[in-house]
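Source file: upload-v5.pdb; contents: PDB, C-alpha atoms.
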MODEL        1
ATOM      1  CA  MET A   1    -135.736  45.087 -10.681
ATOM      2  CA  ASN A   2    -138.687  43.909 -12.743
ATOM      3  CA  MET A   3    -139.775  46.449 -15.333
ATOM      4  CA  VAL A   4    -142.742  46.470 -17.711
ATOM      5  CA  ILE A   5    -142.980  49.109 -20.449
ATOM      6  CA  ASN A   6    -146.306  49.574 -22.224
ATOM      7  CA  SER A   7    -146.843  51.955 -25.115
ATOM      8  CA  VAL A   8    -150.431  52.837 -25.952
ATOM      9  CA  HIS A   9    -151.374  52.952 -29.664
ATOM     10  CA  PHE A  10    -147.759  52.926 -30.902
ATOM     11  CA  LYS A  11    -144.676  50.716 -30.801
ATOM     12  CA  ALA A  12    -141.836  52.092 -28.690
ATOM     13  CA  ASP A  13    -138.455  51.585 -30.363
ATOM     14  CA  GLN A  14    -135.567  49.798 -28.670
ATOM     15  CA  ARG A  15    -133.634  53.048 -28.103
ATOM     16  CA  LEU A  16    -136.512  54.535 -26.073
ATOM     17  CA  GLU A  17    -136.939  51.364 -24.008
ATOM     18  CA  THR A  18    -133.191  51.252 -23.301
ATOM     19  CA  PHE A  19    -133.256  54.912 -22.214
ATOM     20  CA  ILE A  20    -136.156  54.259 -19.814
ATOM     21  CA  LYS A  21    -134.475  51.177 -18.347
ATOM     22  CA  GLU A  22    -131.212  53.068 -17.792
ATOM     23  CA  LYS A  23    -133.037  55.899 -15.988
ATOM     24  CA  LEU A  24    -135.114  53.644 -13.749
ATOM     25  CA  ASN A  25    -132.376  51.112 -12.966
ATOM     26  CA  LYS A  26    -130.571  53.864 -11.019
ATOM     27  CA  LEU A  27    -133.425  54.153  -8.490
ATOM     28  CA  PRO A  28    -132.658  50.996  -6.440
ATOM     29  CA  SER A  29    -129.299  52.559  -5.505
ATOM     30  CA  ILE A  30    -131.237  55.200  -3.524
ATOM     31  CA  TYR A  31    -133.561  52.752  -1.757
ATOM     32  CA  ASP A  32    -133.010  49.014  -1.826
ATOM     33  CA  GLY A  33    -136.709  48.235  -1.255
ATOM     34  CA  VAL A  34    -137.588  48.827  -4.920
ATOM     35  CA  ILE A  35    -139.370  45.753  -6.302
ATOM     36  CA  GLY A  36    -140.330  46.797  -9.817
ATOM     37  CA  ALA A  37    -141.737  49.433 -12.151
ATOM     38  CA  GLU A  38    -144.584  49.759 -14.622
ATOM     39  CA  VAL A  39    -144.168  52.392 -17.320
ATOM     40  CA  LYS A  40    -147.031  53.510 -19.547
ATOM     41  CA  LEU A  41    -146.276  55.747 -22.530
ATOM     42  CA  LYS A  42    -149.035  57.477 -24.437
ATOM     43  CA  VAL A  43    -149.632  60.391 -26.786
ATOM     44  CA  ASP A  44    -152.317  62.897 -25.812
ATOM     45  CA  ASN A  45    -154.582  63.902 -28.688
ATOM     46  CA  ASN A  46    -154.309  67.650 -28.230
ATOM     47  CA  ASP A  47    -152.669  70.145 -30.565
ATOM     48  CA  THR A  48    -149.894  71.234 -28.211
ATOM     49  CA  PRO A  49    -146.328  70.026 -28.777
ATOM     50  CA  ARG A  50    -146.140  68.829 -25.151
ATOM     51  CA  ASN A  51    -148.364  65.814 -25.759
ATOM     52  CA  LYS A  52    -146.092  62.894 -24.769
ATOM     53  CA  ILE A  53    -147.080  61.390 -21.418
ATOM     54  CA  ALA A  54    -145.049  59.024 -19.237
ATOM     55  CA  GLU A  55    -146.808  57.366 -16.284
ATOM     56  CA  ILE A  56    -144.520  55.451 -13.935
ATOM     57  CA  ARG A  57    -145.640  53.281 -11.033
ATOM     58  CA  LEU A  58    -142.730  52.290  -8.836
ATOM     59  CA  MET A  59    -143.439  49.342  -6.578
ATOM     60  CA  ILE A  60    -141.598  49.431  -3.263
ATOM     61  CA  LYS A  61    -141.944  47.355  -0.116
ATOM     62  CA  GLY A  62    -145.248  48.211   1.534
ATOM     63  CA  ASN A  63    -146.217  50.963  -0.904
ATOM     64  CA  ASP A  64    -146.289  52.227  -4.495
ATOM     65  CA  LEU A  65    -145.078  55.560  -5.854
ATOM     66  CA  PHE A  66    -146.825  57.014  -8.903
ATOM     67  CA  VAL A  67    -145.801  59.871 -11.209
ATOM     68  CA  VAL A  68    -147.298  61.291 -14.418
ATOM     69  CA  LYS A  69    -145.248  63.736 -16.493
ATOM     70  CA  GLU A  70    -145.982  65.395 -19.829
ATOM     71  CA  ALA A  71    -143.349  66.815 -22.207
ATOM     72  CA  LYS A  72    -142.357  67.275 -25.851
ATOM     73  CA  THR A  73    -140.559  63.909 -25.969
ATOM     74  CA  PHE A  74    -140.894  60.642 -24.092
ATOM     75  CA  GLU A  75    -137.256  60.930 -23.018
ATOM     76  CA  GLU A  76    -137.894  64.317 -21.396
ATOM     77  CA  ALA A  77    -141.091  63.093 -19.701
ATOM     78  CA  THR A  78    -139.278  60.002 -18.399
ATOM     79  CA  SER A  79    -136.357  62.085 -17.080
ATOM     80  CA  LYS A  80    -138.727  64.422 -15.235
ATOM     81  CA  ALA A  81    -140.660  61.487 -13.781
ATOM     82  CA  ALA A  82    -137.444  59.738 -12.685
ATOM     83  CA  ASP A  83    -136.321  62.929 -10.905
ATOM     84  CA  VAL A  84    -139.628  63.112  -9.031
ATOM     85  CA  LEU A  85    -139.389  59.421  -8.111
ATOM     86  CA  ARG A  86    -135.844  59.973  -6.854
ATOM     87  CA  ARG A  87    -137.098  62.731  -4.516
ATOM     88  CA  GLN A  88    -140.045  60.593  -3.386
ATOM     89  CA  LEU A  89    -137.743  57.660  -2.625
ATOM     90  CA  ARG A  90    -135.423  59.847  -0.553
ATOM     91  CA  LYS A  91    -138.409  61.236   1.361
ATOM     92  CA  HIS A  92    -139.781  57.708   1.921
ATOM     93  CA  LYS A  93    -136.383  56.498   3.122
ATOM     94  CA  GLU A  94    -136.082  59.418   5.571
ATOM     95  CA  LYS A  95    -139.581  58.725   6.855
ATOM     96  CA  LEU A  96    -138.670  55.095   7.559
ATOM     97  CA  ARG A  97    -135.432  56.134   9.225
ATOM     98  CA  SER A  98    -137.215  58.519  11.608
ATOM     99  CA  LYS A  99    -139.536  55.768  12.935
TER     100      LYS A  99
ENDMDL
END

Could you show the structure in this file as structure tokens?
Amino acid sequence: MNMVINSVHFKADQRLETFIKEKLNKLPSIYDGVIGAEVKLKVDNNDTPRNKIAEIRLMIKGNDLFVVKEAKTFEEATSKAADVLRRQLRKHKEKLRSK
């Protein structure tokens, strides 16, 4: 799976990129039509501690899935987004199966 990780206004360290890749590389096991992923990490400029945002666009055959999650850490936001993508992939797979 092709994966592009972009961090806006900061440099993501190798540990964070490895964590994201490990989380997202599990998704093709649910649905083999996964082509690639684009991950955008950014920090919201508000005063709340939950200001880390992970936007993930998962490219699948014939469609794209998109999730935005906000949390205290990028790892937590990525985990939440991966869970949502997992549910969306299962739903998409069931929809294709019922046709």

- Message: So that I can check the surroundings of Asp83 in chain A, please list as a list in words every protein, DNA and RNA residue that reaches within 12 Å of it, counting all atoms listed in the file and ignoring chain neighbours fewer than 2 positions away.
- Response: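 The neighbour list is Lys23, Leu24, Lys26, Leu27, Ile30, Ile56, Val67, Val68, Lys69, Glu76, Ala77, Thr78, Ser79, Lys80, Ala81, Leu85, Arg86, Arg87, Gln88, Leu89 and Arg90 of chain A.
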
Resulting file, chosen residues, C-alpha atoms, as an mmCIF file, in the frame of the given file:
data_model
loop_
_atom_site.group_PDB
_atom_site.id
_atom_site.type_symbol
_atom_site.label_atom_id
_atom_site.label_comp_id
_atom_site.auth_asym_id
_atom_site.auth_seq_id
_atom_site.Cartn_x
_atom_site.Cartn_y
_atom_site.Cartn_z
ATOM 1 C CA LYS A 23 -133.037 55.899 -15.988
ATOM 2 C CA LEU A 24 -135.114 53.644 -13.749
ATOM 3 C CA LYS A 26 -130.571 53.864 -11.019
ATOM 4 C CA LEU A 27 -133.425 54.153 -8.490
ATOM 5 C CA ILE A 30 -131.237 55.200 -3.524
ATOM 6 C CA ILE A 56 -144.520 55.451 -13.935
ATOM 7 C CA VAL A 67 -145.801 59.871 -11.209
ATOM 8 C CA VAL A 68 -147.298 61.291 -14.418
ATOM 9 C CA LYS A 69 -145.248 63.736 -16.493
ATOM 10 C CA GLU A 76 -137.894 64.317 -21.396
ATOM 11 C CA ALA A 77 -141.091 63.093 -19.701
ATOM 12 C CA THR A 78 -139.278 60.002 -18.399
ATOM 13 C CA SER A 79 -136.357 62.085 -17.080
ATOM 14 C CA LYS A 80 -138.727 64.422 -15.235
ATOM 15 C CA ALA A 81 -140.660 61.487 -13.781
ATOM 16 C CA LEU A 85 -139.389 59.421 -8.111
ATOM 17 C CA ARG A 86 -135.844 59.973 -6.854
ATOM 18 C CA ARG A 87 -137.098 62.731 -4.516
ATOM 19 C CA GLN A 88 -140.045 60.593 -3.386
ATOM 20 C CA LEU A 89 -137.743 57.660 -2.625
ATOM 21 C CA ARG A 90 -135.423 59.847 -0.553
#

- Message: For a test of reading the model, state the distance in Å between CA of Ala71 in chain A and CA of Met1 in chain A, rounded to one decimal.
- Response: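 Result for CA of Ala71 in chain A versus CA of Met1 in chain A: 25.7 Å, one decimal.
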
- Message: Quick check on the file I pasted: which residues fall under the PyMOL selection byres ((chain A and resi 51-53) around 6)? Write them as a PyMOL selection string.
- Response: chain A and resi 41-44+49-50+54+69-74

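Between CA of Gly62 in chain A and CA of Asp32 in chain A the interatomic distance comes to 12.7 Å.
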
- Message: Since I can't run it myself right now, could you work out what the PyMOL selection byres ((chain A and resi 58) around 9) selects here and report it as number ranges by chain?
- Response: A: 34-39, 56-57, 59-60, 63-67, 85

- Quote the spacing between CA of Gly33 in chain A and CA of Ile20 in chain A in Å to one decimal place.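 These atoms are spaced 19.5 Å apart.
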
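Distances from A:Val84, A:Met3, A:Val8, A:Leu96 to Glu22 in chain A were compared using all atoms listed in the file, and the smallest one belongs to A:Met3.
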
Starting from the incomplete input, reconstruct N, CA and C atoms of range 13-41 of chain A and report them as an mmCIF file, keeping the file's coordinate frame.
data_model
loop_
_atom_site.group_PDB
_atom_site.id
_atom_site.type_symbol
_atom_site.label_atom_id
_atom_site.label_comp_id
_atom_site.auth_asym_id
_atom_site.auth_seq_id
_atom_site.Cartn_x
_atom_site.Cartn_y
_atom_site.Cartn_z
ATOM 1 N N ASP A 13 -139.664 52.185 -29.784
ATOM 2 C CA ASP A 13 -138.455 51.585 -30.363
ATOM 3 C C ASP A 13 -137.489 51.157 -29.254
ATOM 4 N N GLN A 14 -136.522 50.372 -29.621
ATOM 5 C CA GLN A 14 -135.567 49.798 -28.670
ATOM 6 C C GLN A 14 -134.755 50.879 -27.958
ATOM 7 N N ARG A 15 -134.418 51.953 -28.679
ATOM 8 C CA ARG A 15 -133.634 53.048 -28.103
ATOM 9 C C ARG A 15 -134.393 53.702 -26.944
ATOM 10 N N LEU A 16 -135.687 53.927 -27.118
ATOM 11 C CA LEU A 16 -136.512 54.535 -26.073
ATOM 12 C C LEU A 16 -136.623 53.596 -24.868
ATOM 13 N N GLU A 17 -136.840 52.323 -25.106
ATOM 14 C CA GLU A 17 -136.939 51.364 -24.008
ATOM 15 C C GLU A 17 -135.620 51.261 -23.238
ATOM 16 N N THR A 18 -134.509 51.291 -23.949
ATOM 17 C CA THR A 18 -133.191 51.252 -23.301
ATOM 18 C C THR A 18 -132.984 52.490 -22.443
ATOM 19 N N PHE A 19 -133.369 53.658 -22.960
ATOM 20 C CA PHE A 19 -133.256 54.912 -22.214
ATOM 21 C C PHE A 19 -134.054 54.838 -20.914
ATOM 22 N N ILE A 20 -135.292 54.356 -20.994
ATOM 23 C CA ILE A 20 -136.156 54.259 -19.814
ATOM 24 C C ILE A 20 -135.551 53.299 -18.791
ATOM 25 N N LYS A 21 -135.069 52.159 -19.258
ATOM 26 C CA LYS A 21 -134.475 51.177 -18.347
ATOM 27 C C LYS A 21 -133.240 51.737 -17.651
ATOM 28 N N GLU A 22 -132.410 52.470 -18.393
ATOM 29 C CA GLU A 22 -131.212 53.068 -17.792
ATOM 30 C C GLU A 22 -131.586 54.077 -16.708
ATOM 31 N N LYS A 23 -132.604 54.893 -16.965
ATOM 32 C CA LYS A 23 -133.037 55.899 -15.988
ATOM 33 C C LYS A 23 -133.584 55.237 -14.729
ATOM 34 N N LEU A 24 -134.442 54.239 -14.897
ATOM 35 C CA LEU A 24 -135.114 53.644 -13.749
ATOM 36 C C LEU A 24 -134.235 52.652 -12.994
ATOM 37 N N ASN A 25 -133.256 52.064 -13.650
ATOM 38 C CA ASN A 25 -132.376 51.112 -12.966
ATOM 39 C C ASN A 25 -131.455 51.796 -11.961
ATOM 40 N N LYS A 26 -131.375 53.125 -11.991
ATOM 41 C CA LYS A 26 -130.571 53.864 -11.019
ATOM 42 C C LYS A 26 -131.309 54.041 -9.687
ATOM 43 N N LEU A 27 -132.628 53.886 -9.685
ATOM 44 C CA LEU A 27 -133.425 54.153 -8.490
ATOM 45 C C LEU A 27 -133.157 53.179 -7.340
ATOM 46 N N PRO A 28 -132.935 51.886 -7.575
ATOM 47 C CA PRO A 28 -132.658 50.996 -6.440
ATOM 48 C C PRO A 28 -131.390 51.360 -5.667
ATOM 49 N N SER A 29 -130.492 52.144 -6.245
ATOM 50 C CA SER A 29 -129.299 52.559 -5.505
ATOM 51 C C SER A 29 -129.645 53.569 -4.399
ATOM 52 N N ILE A 30 -130.789 54.243 -4.539
ATOM 53 C CA ILE A 30 -131.237 55.200 -3.524
ATOM 54 C C ILE A 30 -131.935 54.469 -2.380
ATOM 55 N N TYR A 31 -132.784 53.507 -2.746
ATOM 56 C CA TYR A 31 -133.561 52.752 -1.757
ATOM 57 C C TYR A 31 -133.629 51.310 -2.216
ATOM 58 N N ASP A 32 -133.112 50.405 -1.393
ATOM 59 C CA ASP A 32 -133.010 49.014 -1.826
ATOM 60 C C ASP A 32 -134.322 48.244 -1.740
ATOM 61 N N GLY A 33 -135.408 48.892 -1.330
ATOM 62 C CA GLY A 33 -136.709 48.235 -1.255
ATOM 63 C C GLY A 33 -137.509 48.313 -2.541
ATOM 64 N N VAL A 34 -136.891 48.728 -3.641
ATOM 65 C CA VAL A 34 -137.588 48.827 -4.920
ATOM 66 C C VAL A 34 -137.789 47.421 -5.483
ATOM 67 N N ILE A 35 -139.041 47.080 -5.787
ATOM 68 C CA ILE A 35 -139.370 45.753 -6.302
ATOM 69 C C ILE A 35 -139.455 45.765 -7.823
ATOM 70 N N GLY A 36 -140.155 46.757 -8.372
ATOM 71 C CA GLY A 36 -140.330 46.797 -9.817
ATOM 72 C C GLY A 36 -140.955 48.107 -10.266
ATOM 73 N N ALA A 37 -141.162 48.209 -11.580
ATOM 74 C CA ALA A 37 -141.737 49.433 -12.151
ATOM 75 C C ALA A 37 -142.634 49.080 -13.330
ATOM 76 N N GLU A 38 -143.713 49.840 -13.458
ATOM 77 C CA GLU A 38 -144.584 49.759 -14.622
ATOM 78 C C GLU A 38 -144.580 51.127 -15.289
ATOM 79 N N VAL A 39 -144.246 51.145 -16.573
ATOM 80 C CA VAL A 39 -144.168 52.392 -17.320
ATOM 81 C C VAL A 39 -145.227 52.349 -18.417
ATOM 82 N N LYS A 40 -145.997 53.408 -18.512
ATOM 83 C CA LYS A 40 -147.031 53.510 -19.547
ATOM 84 C C LYS A 40 -146.761 54.777 -20.345
ATOM 85 N N LEU A 41 -146.542 54.622 -21.639
ATOM 86 C CA LEU A 41 -146.276 55.747 -22.530
ATOM 87 C C LEU A 41 -147.483 55.959 -23.426
#
